[in-house]
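Structure data (PDB, C-alpha atoms) from query_33.pdb:
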```pdb
ATOM      1  CA  MET O   1       1.665 224.822-154.728
ATOM      2  CA  THR O   2       2.033 226.662-158.023
ATOM      3  CA  THR O   3       4.040 229.872-158.030
ATOM      4  CA  LEU O   4       1.543 231.435-160.440
ATOM      5  CA  ASP O   5      -0.762 234.060-158.918
ATOM      6  CA  ASN O   6      -4.512 233.550-159.179
ATOM      7  CA  ARG O   7      -4.227 230.085-160.719
ATOM      8  CA  PRO O   8      -6.101 227.817-158.283
ATOM      9  CA  LYS O   9      -7.540 225.446-160.897
ATOM     10  CA  THR O  10      -6.362 222.110-162.220
ATOM     11  CA  GLY O  11      -6.162 221.029-165.849
ATOM     12  CA  LEU O  12      -5.591 217.755-167.709
ATOM     13  CA  LEU O  13      -3.220 217.932-170.691
ATOM     14  CA  VAL O  14      -3.730 215.309-173.401
ATOM     15  CA  ILE O  15      -0.634 215.569-175.580
ATOM     16  CA  ASP O  16      -0.302 214.226-179.128
ATOM     17  CA  VAL O  17      -2.524 211.149-178.882
ATOM     18  CA  GLN O  18      -2.705 211.229-182.656
ATOM     19  CA  ASN O  19      -2.815 208.369-185.143
ATOM     20  CA  GLY O  20       0.656 209.150-186.504
ATOM     21  CA  VAL O  21       2.188 209.363-183.024
ATOM     22  CA  VAL O  22       0.703 206.401-181.144
ATOM     23  CA  ASN O  23       0.081 204.000-184.023
ATOM     24  CA  HIS O  24       3.046 201.805-182.994
ATOM     25  CA  ALA O  25       3.377 202.961-179.393
ATOM     26  CA  HIS O  26       4.091 200.704-176.442
ATOM     27  CA  GLU O  27       0.841 199.404-174.872
ATOM     28  CA  ARG O  28      -1.103 201.776-177.096
ATOM     29  CA  ASP O  29      -4.585 200.449-176.321
ATOM     30  CA  LYS O  30      -4.042 200.377-172.549
ATOM     31  CA  VAL O  31      -2.637 203.914-172.487
ATOM     32  CA  VAL O  32      -5.402 205.309-174.717
ATOM     33  CA  ALA O  33      -8.016 203.617-172.494
ATOM     34  CA  ASN O  34      -6.416 205.173-169.389
ATOM     35  CA  ILE O  35      -6.462 208.594-171.028
ATOM     36  CA  GLY O  36     -10.141 208.043-171.821
ATOM     37  CA  VAL O  37     -10.782 207.316-168.129
ATOM     38  CA  LEU O  38      -8.877 210.482-167.169
ATOM     39  CA  VAL O  39     -10.849 212.618-169.608
ATOM     40  CA  ASP O  40     -14.096 211.247-168.167
ATOM     41  CA  LYS O  41     -12.882 211.884-164.590
ATOM     42  CA  ALA O  42     -11.849 215.437-165.469
ATOM     43  CA  ARG O  43     -15.158 216.206-167.141
ATOM     44  CA  ALA O  44     -17.110 214.770-164.193
ATOM     45  CA  ALA O  45     -15.099 216.986-161.810
ATOM     46  CA  GLU O  46     -15.521 220.019-164.119
ATOM     47  CA  VAL O  47     -11.765 220.165-164.671
ATOM     48  CA  ASP O  48     -10.576 221.635-167.965
ATOM     49  CA  VAL O  49      -9.234 219.163-170.514
ATOM     50  CA  VAL O  50      -6.678 220.794-172.804
ATOM     51  CA  TRP O  51      -5.797 218.912-175.976
ATOM     52  CA  VAL O  52      -2.411 219.415-177.599
ATOM     53  CA  GLN O  53      -1.879 218.422-181.223
ATOM     54  CA  HIS O  54       1.452 218.178-183.019
ATOM     55  CA  ASN O  55       1.919 219.475-186.562
ATOM     56  CA  SER O  56       4.854 218.476-188.785
ATOM     57  CA  ASP O  57       5.793 217.615-192.352
ATOM     58  CA  ALA O  58       5.200 213.951-191.481
ATOM     59  CA  MET O  59       1.811 214.811-189.923
ATOM     60  CA  PRO O  60       0.335 217.681-191.900
ATOM     61  CA  ARG O  61      -2.773 219.383-190.541
ATOM     62  CA  ASP O  62      -6.023 217.580-191.389
ATOM     63  CA  SER O  63      -4.254 214.358-192.495
ATOM     64  CA  GLU O  64      -5.233 210.975-191.055
ATOM     65  CA  LYS O  65      -1.933 210.800-189.125
ATOM     66  CA  TRP O  66      -2.628 214.247-187.617
ATOM     67  CA  GLN O  67      -6.075 213.297-186.273
ATOM     68  CA  TYR O  68      -6.577 212.297-182.649
ATOM     69  CA  VAL O  69      -7.162 208.552-182.203
ATOM     70  CA  PRO O  70     -10.821 207.621-182.705
ATOM     71  CA  GLU O  71     -11.206 206.381-179.107
ATOM     72  CA  LEU O  72     -10.793 209.945-177.791
ATOM     73  CA  ALA O  73     -13.160 212.757-178.684
ATOM     74  CA  ARG O  74     -12.521 216.380-177.825
ATOM     75  CA  ARG O  75     -15.577 218.458-177.007
ATOM     76  CA  ASP O  76     -15.969 221.769-178.835
ATOM     77  CA  THR O  77     -15.793 223.564-175.473
ATOM     78  CA  GLU O  78     -12.370 222.062-174.710
ATOM     79  CA  ALA O  79      -9.238 223.950-175.716
ATOM     80  CA  LEU O  80      -7.093 222.688-178.583
ATOM     81  CA  VAL O  81      -3.478 223.855-178.781
ATOM     82  CA  GLN O  82      -1.485 223.360-181.974
ATOM     83  CA  LYS O  83       2.266 222.868-181.629
ATOM     84  CA  ALA O  84       5.369 222.268-183.752
ATOM     85  CA  TYR O  85       7.954 221.590-180.997
ATOM     86  CA  PRO O  86       8.189 218.959-178.258
ATOM     87  CA  ASP O  87       7.499 221.412-175.410
ATOM     88  CA  SER O  88       3.777 222.153-175.611
ATOM     89  CA  PHE O  89       4.466 225.705-174.381
ATOM     90  CA  GLU O  90       7.023 226.550-177.092
ATOM     91  CA  GLU O  91       5.551 229.000-179.639
ATOM     92  CA  THR O  92       1.958 228.007-178.796
ATOM     93  CA  ASP O  93      -0.974 229.619-177.035
ATOM     94  CA  LEU O  94      -0.933 227.043-174.211
ATOM     95  CA  GLU O  95       0.157 229.599-171.615
ATOM     96  CA  SER O  96      -2.684 231.976-172.491
ATOM     97  CA  VAL O  97      -5.207 229.100-172.609
ATOM     98  CA  LEU O  98      -4.185 228.051-169.094
ATOM     99  CA  ALA O  99      -4.116 231.633-167.804
ATOM    100  CA  GLU O 100      -7.629 232.330-169.130
ATOM    101  CA  ARG O 101      -8.876 229.301-167.231
ATOM    102  CA  GLY O 102      -6.963 230.049-164.011
ATOM    103  CA  ILE O 103      -5.005 226.782-164.251
ATOM    104  CA  GLY O 104      -1.808 226.468-162.203
ATOM    105  CA  ARG O 105      -1.776 222.700-161.620
ATOM    106  CA  LEU O 106      -1.363 220.274-164.522
ATOM    107  CA  PHE O 107      -1.852 216.545-164.885
ATOM    108  CA  VAL O 108       0.069 215.364-167.956
ATOM    109  CA  SER O 109      -0.788 212.447-170.260
ATOM    110  CA  GLY O 110      -0.113 211.458-173.861
ATOM    111  CA  ALA O 111       2.858 210.776-176.127
ATOM    112  CA  GLN O 112       5.761 210.552-176.755
ATOM    113  CA  THR O 113       7.291 209.977-173.334
ATOM    114  CA  ASP O 114      10.887 210.698-174.320
ATOM    115  CA  GLU O 115      10.110 213.824-176.345
ATOM    116  CA  CYS O 116       6.893 215.768-175.865
ATOM    117  CA  ILE O 117       5.920 214.480-172.416
ATOM    118  CA  ARG O 118       9.315 215.160-170.834
ATOM    119  CA  SER O 119       9.691 218.515-172.581
ATOM    120  CA  THR O 120       6.250 219.678-171.514
ATOM    121  CA  LEU O 121       6.763 218.556-167.897
ATOM    122  CA  HIS O 122      10.002 220.514-167.688
ATOM    123  CA  GLY O 123       8.451 223.459-169.534
ATOM    124  CA  ALA O 124       5.573 223.535-167.048
ATOM    125  CA  ILE O 125       7.771 223.420-163.936
ATOM    126  CA  ALA O 126      10.112 226.073-165.361
ATOM    127  CA  ARG O 127       7.117 228.351-165.970
ATOM    128  CA  GLY O 128       5.791 227.992-162.402
ATOM    129  CA  TYR O 129       3.188 225.236-162.766
ATOM    130  CA  ASP O 130       2.705 222.227-160.542
ATOM    131  CA  ALA O 131       3.098 219.279-162.932
ATOM    132  CA  THR O 132       2.018 215.725-162.177
ATOM    133  CA  LEU O 133       2.775 212.914-164.616
ATOM    134  CA  ILE O 134       0.182 210.165-164.926
ATOM    135  CA  GLY O 135       2.498 207.181-165.030
ATOM    136  CA  ASP O 136       0.226 204.737-166.850
ATOM    137  CA  ALA O 137      -1.182 207.315-169.270
ATOM    138  CA  HIS O 138       1.843 208.118-171.420
ATOM    139  CA  THR O 139       3.686 206.087-174.013
ATOM    140  CA  THR O 140       6.328 206.078-176.702
ATOM    141  CA  GLU O 141       7.413 204.064-179.699
ATOM    142  CA  ASP O 142      10.368 201.677-179.743
ATOM    143  CA  LEU O 143      13.497 203.614-180.695
ATOM    144  CA  SER O 144      15.960 201.020-179.393
ATOM    145  CA  GLU O 145      17.389 200.448-182.881
ATOM    146  CA  TYR O 146      18.762 204.003-182.558
ATOM    147  CA  GLY O 147      20.345 203.334-179.177
ATOM    148  CA  ALA O 148      17.456 204.302-176.913
ATOM    149  CA  PRO O 149      16.257 201.984-174.147
ATOM    150  CA  THR O 150      13.150 199.924-174.895
ATOM    151  CA  PRO O 151       9.842 201.776-174.399
ATOM    152  CA  ASP O 152       9.020 200.074-171.101
ATOM    153  CA  LYS O 153      12.333 201.310-169.677
ATOM    154  CA  VAL O 154      11.878 204.834-171.072
ATOM    155  CA  ILE O 155       8.437 205.010-169.433
ATOM    156  CA  ALA O 156       9.635 203.501-166.134
ATOM    157  CA  HIS O 157      12.618 205.852-165.953
ATOM    158  CA  THR O 158      10.487 208.911-166.705
ATOM    159  CA  ASN O 159       7.979 207.876-164.020
ATOM    160  CA  LEU O 160      10.829 207.357-161.530
ATOM    161  CA  TYR O 161      12.659 210.622-162.060
ATOM    162  CA  TRP O 162       9.488 212.727-162.246
ATOM    163  CA  GLN O 163       8.224 211.132-159.025
ATOM    164  CA  ASN O 164      11.237 212.674-157.290
ATOM    165  CA  HIS O 165      11.398 215.957-159.195
ATOM    166  CA  ALA O 166      11.284 219.177-157.204
ATOM    167  CA  ALA O 167      11.403 222.928-157.729
ATOM    168  CA  PRO O 168      10.989 225.842-155.312
ATOM    169  CA  GLY O 169       7.322 226.571-154.660
ATOM    170  CA  ARG O 170       6.113 223.944-157.130
ATOM    171  CA  THR O 171       5.142 220.321-156.872
ATOM    172  CA  ALA O 172       5.806 217.462-159.237
ATOM    173  CA  GLY O 173       5.189 213.752-158.963
ATOM    174  CA  THR O 174       3.906 210.644-160.647
ATOM    175  CA  VAL O 175       0.527 209.000-160.012
ATOM    176  CA  THR O 176      -1.535 206.308-161.695
ATOM    177  CA  THR O 177      -4.843 206.811-163.467
ATOM    178  CA  GLU O 178      -6.611 205.180-160.536
ATOM    179  CA  GLU O 179      -4.937 207.528-158.053
ATOM    180  CA  VAL O 180      -5.904 210.723-159.870
ATOM    181  CA  ASP O 181      -8.425 212.707-157.881
ATOM    182  CA  PHE O 182      -9.247 215.957-159.621
ATOM    183  CA  THR O 183     -11.333 217.116-156.671
ATOM    184  CA  ALA O 184      -8.471 217.005-154.173
TER     185      ALA O 184
END
```
This entry written out as structure tokens:
Amino acid sequence: MTTLDNRPKTGLLVIDVQNGVVNHAHERDKVVANIGVLVDKARAAEVDVVWVQHNSDAMPRDSEKWQYVPELARRDTEALVQKAYPDSFEETDLESVLAERGIGRLFVSGAQTDECIRSTLHGAIARGYDATLIGDAHTTEDLSEYGAPTPDKVIAHTNLYWQNHAAPGRTAGTVTTEEVDFTA
């Protein structure tokens, strides 16, 4: 259980599912479809969906690359957090957004697995959140030409090590889209 006081609620993070991030991502369509299912499940269970959007020189605000993919639509009532670093908590208002909503348990989805997903998972646990990775709802591009493993191995390894992650007073783990039950 979260170590954060008065944070009984659950939230779904949708990180960087932007045109410029997932355009060439591994199993892009499958992952985006799974995130769509998760967003629908969260909304049906009245669980907050928090959208995180990366800003950079390569993806300037309001550009086509910066936009969320067309398959996913944020509602005006859903929080949008702008970020410039891999960890979605770093120099953003994510912490205050979650605090305002009483969220202490996070389900994490999005891109890129080996950068923003991992950084945000670790950032959440270090800040006292329970953090569950949705194993079939995150992706990355192929960076093997730079010495990285292929995307399928990056994703599998991240799912494996997060499944067994632990921290005092907090829970971690990896589940599939089908296994996510926001009402539990």
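With all atoms listed in the file as the basis for measurement, O:Gln53 is the residue among O:Gln53, O:Ser88, O:Thr139, O:Thr3 that approaches Gln18 (chain O) most closely.
Distances to Glu27 (chain O) were evaluated for O:Ser63, O:Thr177, O:Thr140, O:Thr150 using only C-alpha atoms, and the minimum falls at O:Thr140.
Residues captured in this structure file are Arg7, Gly11, Leu13, Asp48, Val49, Val50, Trp51, Val52, Glu78, Ala79, Leu80, Val81, Gln82, Ser88, Phe89, Thr92, Asp93, Leu94, Glu95, Ser96, Leu98, Ala99, Glu100, Arg101, Gly102, Ile103 and Gly104 of chain O, according to the PyMOL selection byres ((chain O and resi 97) around 12).
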Name the residues that the PyMOL selection byres ((chain O and resi 17) around 8) pulls out of this structure, and write them as a PDB file with C-alpha atoms, keeping the file's coordinate frame.
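Saved result, out_11.pdb, follows:
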```pdb
ATOM      1  CA  VAL O  14      -3.730 215.309-173.401  1.00  0.00           C
ATOM      2  CA  ILE O  15      -0.634 215.569-175.580  1.00  0.00           C
ATOM      3  CA  ASP O  16      -0.302 214.226-179.128  1.00  0.00           C
ATOM      4  CA  GLN O  18      -2.705 211.229-182.656  1.00  0.00           C
ATOM      5  CA  ASN O  19      -2.815 208.369-185.143  1.00  0.00           C
ATOM      6  CA  VAL O  21       2.188 209.363-183.024  1.00  0.00           C
ATOM      7  CA  VAL O  22       0.703 206.401-181.144  1.00  0.00           C
ATOM      8  CA  VAL O  32      -5.402 205.309-174.717  1.00  0.00           C
ATOM      9  CA  GLN O  53      -1.879 218.422-181.223  1.00  0.00           C
ATOM     10  CA  TYR O  68      -6.577 212.297-182.649  1.00  0.00           C
ATOM     11  CA  VAL O  69      -7.162 208.552-182.203  1.00  0.00           C
ATOM     12  CA  GLY O 110      -0.113 211.458-173.861  1.00  0.00           C
ATOM     13  CA  ALA O 111       2.858 210.776-176.127  1.00  0.00           C
TER      14      ALA O 111
END
```
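The gap separating CA of Lys65 (chain O) from CA of Asp142 (chain O) is 18.0 Å, in Å to one decimal.
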If we count all atoms listed in the file, what is near Asn55 (chain O) at a cut-off of 9 Å, once residues fewer than 6 positions away on the same chain are taken out, given as a short mmCIF file (atom, residue, chain, number, x, y, z; two decimals) with C-alpha atoms, keeping the file's coordinate frame?
```cif
data_model
loop_
_atom_site.label_atom_id
_atom_site.label_comp_id
_atom_site.auth_asym_id
_atom_site.auth_seq_id
_atom_site.Cartn_x
_atom_site.Cartn_y
_atom_site.Cartn_z
CA ARG O 61 -2.77 219.38 -190.54
CA TRP O 66 -2.63 214.25 -187.62
CA GLN O 82 -1.48 223.36 -181.97
CA LYS O 83 2.27 222.87 -181.63
CA ALA O 84 5.37 222.27 -183.75
CA TYR O 85 7.95 221.59 -181.00
#
```
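The protein and nucleic acid residues lying at most 10 Å from Ala124 (chain O) are Asp87, Ser88, Phe89, Glu95, Gly104, Arg105, Leu106, Val108, Arg118, Asp130, Ala131, Thr132, Arg170 and Ala172 of chain O, with only C-alpha atoms considered and sequence neighbours fewer than 6 positions away removed.
With the shown file loaded, the PyMOL selection byres ((chain O and resi 35) around 10) picks out Leu12, Leu13, Val14, Val17, Asp29, Lys30, Val31, Val32, Ala33, Asn34, Gly36, Val37, Leu38, Val39, Asp40, Lys41, Glu71, Leu72, Val108, Ser109, Gly110, Ile134, Asp136, Ala137, His138 and Thr177 of chain O.
Using all atoms listed in the file, the nearest neighbour of Lys153 (chain O) within the list O:Pro168, O:Thr174, O:Glu179, O:His26 is O:His26.
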Working from the structure I just supplied, which lacks atoms in region 41-52 of chain O, can you model all heavy atoms there and output them as a PDB file, keeping the file's coordinate frame?
```
ATOM      1  N   LYS O  41     -13.017 211.412-165.975  1.00  0.00           N
ATOM      2  CA  LYS O  41     -12.882 211.884-164.590  1.00  0.00           C
ATOM      3  C   LYS O  41     -12.796 213.409-164.540  1.00  0.00           C
ATOM      4  O   LYS O  41     -13.412 214.044-163.684  1.00  0.00           O
ATOM      5  CB  LYS O  41     -11.606 211.320-163.945  1.00  0.00           C
ATOM      6  CG  LYS O  41     -11.682 209.928-163.422  1.00  0.00           C
ATOM      7  CD  LYS O  41     -10.330 209.603-162.760  1.00  0.00           C
ATOM      8  CE  LYS O  41     -10.376 208.380-161.907  1.00  0.00           C
ATOM      9  NZ  LYS O  41      -9.088 208.147-161.198  1.00  0.00           N
ATOM     10  N   ALA O  42     -12.012 213.975-165.446  1.00  0.00           N
ATOM     11  CA  ALA O  42     -11.849 215.437-165.469  1.00  0.00           C
ATOM     12  C   ALA O  42     -13.180 216.107-165.785  1.00  0.00           C
ATOM     13  O   ALA O  42     -13.576 217.071-165.110  1.00  0.00           O
ATOM     14  CB  ALA O  42     -10.778 215.831-166.495  1.00  0.00           C
ATOM     15  N   ARG O  43     -13.869 215.617-166.776  1.00  0.00           N
ATOM     16  CA  ARG O  43     -15.158 216.206-167.141  1.00  0.00           C
ATOM     17  C   ARG O  43     -16.152 216.102-165.988  1.00  0.00           C
ATOM     18  O   ARG O  43     -16.884 217.061-165.706  1.00  0.00           O
ATOM     19  CB  ARG O  43     -15.705 215.536-168.396  1.00  0.00           C
ATOM     20  CG  ARG O  43     -14.937 215.898-169.653  1.00  0.00           C
ATOM     21  CD  ARG O  43     -15.361 215.069-170.841  1.00  0.00           C
ATOM     22  NE  ARG O  43     -14.668 215.471-172.057  1.00  0.00           N
ATOM     23  CZ  ARG O  43     -14.616 214.713-173.147  1.00  0.00           C
ATOM     24  NH1 ARG O  43     -15.219 213.529-173.184  1.00  0.00           N
ATOM     25  NH2 ARG O  43     -13.962 215.151-174.214  1.00  0.00           N
ATOM     26  N   ALA O  44     -16.191 214.954-165.323  1.00  0.00           N
ATOM     27  CA  ALA O  44     -17.110 214.770-164.193  1.00  0.00           C
ATOM     28  C   ALA O  44     -16.805 215.732-163.053  1.00  0.00           C
ATOM     29  O   ALA O  44     -17.708 216.177-162.343  1.00  0.00           O
ATOM     30  CB  ALA O  44     -17.050 213.326-163.698  1.00  0.00           C
ATOM     31  N   ALA O  45     -15.521 216.074-162.881  1.00  0.00           N
ATOM     32  CA  ALA O  45     -15.099 216.986-161.810  1.00  0.00           C
ATOM     33  C   ALA O  45     -15.077 218.449-162.276  1.00  0.00           C
ATOM     34  O   ALA O  45     -14.648 219.321-161.533  1.00  0.00           O
ATOM     35  CB  ALA O  45     -13.719 216.577-161.298  1.00  0.00           C
ATOM     36  N   GLU O  46     -15.528 218.682-163.515  1.00  0.00           N
ATOM     37  CA  GLU O  46     -15.521 220.019-164.119  1.00  0.00           C
ATOM     38  C   GLU O  46     -14.118 220.620-164.162  1.00  0.00           C
ATOM     39  O   GLU O  46     -13.910 221.808-163.922  1.00  0.00           O
ATOM     40  CB  GLU O  46     -16.515 220.947-163.407  1.00  0.00           C
ATOM     41  CG  GLU O  46     -17.933 220.462-163.539  1.00  0.00           C
ATOM     42  CD  GLU O  46     -18.967 221.386-162.906  1.00  0.00           C
ATOM     43  OE1 GLU O  46     -18.598 222.448-162.370  1.00  0.00           O
ATOM     44  OE2 GLU O  46     -20.152 221.022-162.968  1.00  0.00           O
ATOM     45  N   VAL O  47     -13.158 219.762-164.489  1.00  0.00           N
ATOM     46  CA  VAL O  47     -11.765 220.165-164.671  1.00  0.00           C
ATOM     47  C   VAL O  47     -11.523 220.311-166.167  1.00  0.00           C
ATOM     48  O   VAL O  47     -11.954 219.461-166.965  1.00  0.00           O
ATOM     49  CB  VAL O  47     -10.815 219.104-164.052  1.00  0.00           C
ATOM     50  CG1 VAL O  47      -9.397 219.268-164.540  1.00  0.00           C
ATOM     51  CG2 VAL O  47     -10.888 219.174-162.531  1.00  0.00           C
ATOM     52  N   ASP O  48     -10.847 221.395-166.543  1.00  0.00           N
ATOM     53  CA  ASP O  48     -10.576 221.635-167.965  1.00  0.00           C
ATOM     54  C   ASP O  48      -9.677 220.549-168.557  1.00  0.00           C
ATOM     55  O   ASP O  48      -8.657 220.191-167.962  1.00  0.00           O
ATOM     56  CB  ASP O  48      -9.887 222.992-168.150  1.00  0.00           C
ATOM     57  CG  ASP O  48     -10.846 224.148-168.006  1.00  0.00           C
ATOM     58  OD1 ASP O  48     -11.748 224.264-168.852  1.00  0.00           O
ATOM     59  OD2 ASP O  48     -10.685 224.919-167.044  1.00  0.00           O
ATOM     60  N   VAL O  49     -10.066 220.061-169.720  1.00  0.00           N
ATOM     61  CA  VAL O  49      -9.234 219.163-170.514  1.00  0.00           C
ATOM     62  C   VAL O  49      -8.669 220.011-171.652  1.00  0.00           C
ATOM     63  O   VAL O  49      -9.425 220.667-172.375  1.00  0.00           O
ATOM     64  CB  VAL O  49     -10.035 217.979-171.079  1.00  0.00           C
ATOM     65  CG1 VAL O  49      -9.129 217.068-171.907  1.00  0.00           C
ATOM     66  CG2 VAL O  49     -10.717 217.206-169.962  1.00  0.00           C
ATOM     67  N   VAL O  50      -7.344 220.022-171.756  1.00  0.00           N
ATOM     68  CA  VAL O  50      -6.678 220.794-172.804  1.00  0.00           C
ATOM     69  C   VAL O  50      -5.965 219.810-173.723  1.00  0.00           C
ATOM     70  O   VAL O  50      -5.106 219.050-173.277  1.00  0.00           O
ATOM     71  CB  VAL O  50      -5.686 221.817-172.205  1.00  0.00           C
ATOM     72  CG1 VAL O  50      -4.974 222.581-173.314  1.00  0.00           C
ATOM     73  CG2 VAL O  50      -6.409 222.772-171.254  1.00  0.00           C
ATOM     74  N   TRP O  51      -6.344 219.820-174.973  1.00  0.00           N
ATOM     75  CA  TRP O  51      -5.797 218.912-175.976  1.00  0.00           C
ATOM     76  C   TRP O  51      -4.657 219.612-176.706  1.00  0.00           C
ATOM     77  O   TRP O  51      -4.779 220.765-177.108  1.00  0.00           O
ATOM     78  CB  TRP O  51      -6.890 218.521-176.965  1.00  0.00           C
ATOM     79  CG  TRP O  51      -8.076 217.886-176.299  1.00  0.00           C
ATOM     80  CD1 TRP O  51      -9.088 218.527-175.639  1.00  0.00           C
ATOM     81  CD2 TRP O  51      -8.372 216.496-176.216  1.00  0.00           C
ATOM     82  NE1 TRP O  51      -9.991 217.609-175.142  1.00  0.00           N
ATOM     83  CE2 TRP O  51      -9.577 216.357-175.493  1.00  0.00           C
ATOM     84  CE3 TRP O  51      -7.732 215.350-176.690  1.00  0.00           C
ATOM     85  CZ2 TRP O  51     -10.151 215.114-175.235  1.00  0.00           C
ATOM     86  CZ3 TRP O  51      -8.307 214.116-176.437  1.00  0.00           C
ATOM     87  CH2 TRP O  51      -9.503 213.999-175.709  1.00  0.00           C
ATOM     88  N   VAL O  52      -3.564 218.886-176.885  1.00  0.00           N
ATOM     89  CA  VAL O  52      -2.411 219.415-177.599  1.00  0.00           C
ATOM     90  C   VAL O  52      -2.191 218.528-178.820  1.00  0.00           C
ATOM     91  O   VAL O  52      -2.202 217.297-178.714  1.00  0.00           O
ATOM     92  CB  VAL O  52      -1.151 219.440-176.699  1.00  0.00           C
ATOM     93  CG1 VAL O  52       0.044 219.979-177.466  1.00  0.00           C
ATOM     94  CG2 VAL O  52      -1.418 220.266-175.440  1.00  0.00           C
TER      95      VAL O  52
END
```
